[in-house]
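Presented below is the structure to which this report refers.
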Amino acid sequence: MTGIVEKKVSIQYFAMLREQRGISDESLVTSAATARDLYDQLRTRHGFTLSADRLGVAINDEFAAWDRRLEDSDRIVFIPPVAGG
């Protein structure tokens with residue numbers, strides 16, 4: 001059977017992404033297959049200025065590759081670069 005598989009995921013935003021989105025977290029239903037697909041959808045929808053190549057991603061509290069497949073109930077954190085001093 002082929003078709004679009006939707007899953008409910010939780011997303012946390014930090015730093016610049018939180019400022020651009022206006023919230024720190026949300027839950028949504030998505031048909032995105034991978035973390036990169038999800039970020040690309042969100043970037044288009046919310047006008048994020050950072051490309052995925054400038055971010056890290058963690059899924060279920062572990063750093064993950066952008067091509068990692070998403071599953072129902074995943075917790076995703078997009079990690080922007082931070083300035084240090």
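FYI, nothing fancy with the structure tokens labels: chains A, B, ... in order, residues from 1 per chain, ligands from 1 as they appear.
Neighbours of range 36-53 of chain A closer than or equal to 9 Å, with only C-alpha atoms counted and sequence neighbours fewer than 2 positions away skipped, come out as Met16, Leu17, Gln20, Arg21, Thr30, Ser31, Ala32, Ala33, Thr34, Leu55, Gly56, Val57, Ala65, Trp66, Asp67, Arg68, Leu70, Phe78 and Pro80 of chain A.
Taking chain A and asking which residues DSSP calls strand (DSSP E or B) on the backbone, you get Lys7, Lys8, Val9, Ser10, Ile11, Gln12, Tyr13, Asp25, Glu26, Ser27, Leu28, Val29, Thr30, Thr34, Gly56, Val57, Ala58, Ile59, Glu62, Phe63, Arg69, Arg75, Ile76, Val77, Phe78 and Ile79 of chain A.
All residues of protein, DNA or RNA that reach within 8 Å of Gln12 in chain A, judged by only C-alpha atoms and not counting those fewer than 4 positions away in the chain, are Ser24, Asp25, Glu26, Arg75, Ile76, Val77 and Phe78 of chain A.
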Notebook entry, point to check: Would you give me, as a PyMOL selection string, the residues in chain A that DSSP reads as alpha helix (DSSP H)?
Noted result: chain A and resi 15-21+35-46
Next item on the list: Identify, on the basis of only C-alpha atoms, every residue whose closest approach to Lys7 in chain A does not exceed 8 Å; exclude the query and any residue fewer than 2 positions from it along the same chain; express the result as a PyMOL selection string.
Entry: chain A and resi 5+9+29-31+71-73
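Between CA of Ile79 in chain A and CA of Ile4 in chain A lies a distance of 27.2 Å.
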Next item on the list: Go through A:Leu28, A:Ala64, A:Val82, A:Arg54 one by one, measure the shortest atom-to-atom distance of each to Ala15 in chain A using only C-alpha atoms, and give the residue with the smallest value.
Entry: A:Val82
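The space separating CA of Ile59 in chain A from CA of Ile23 in chain A comes to 19.0 Å.
A straight line drawn from CA of Asn60 in chain A to CA of Gly22 in chain A is 22.7 Å long.
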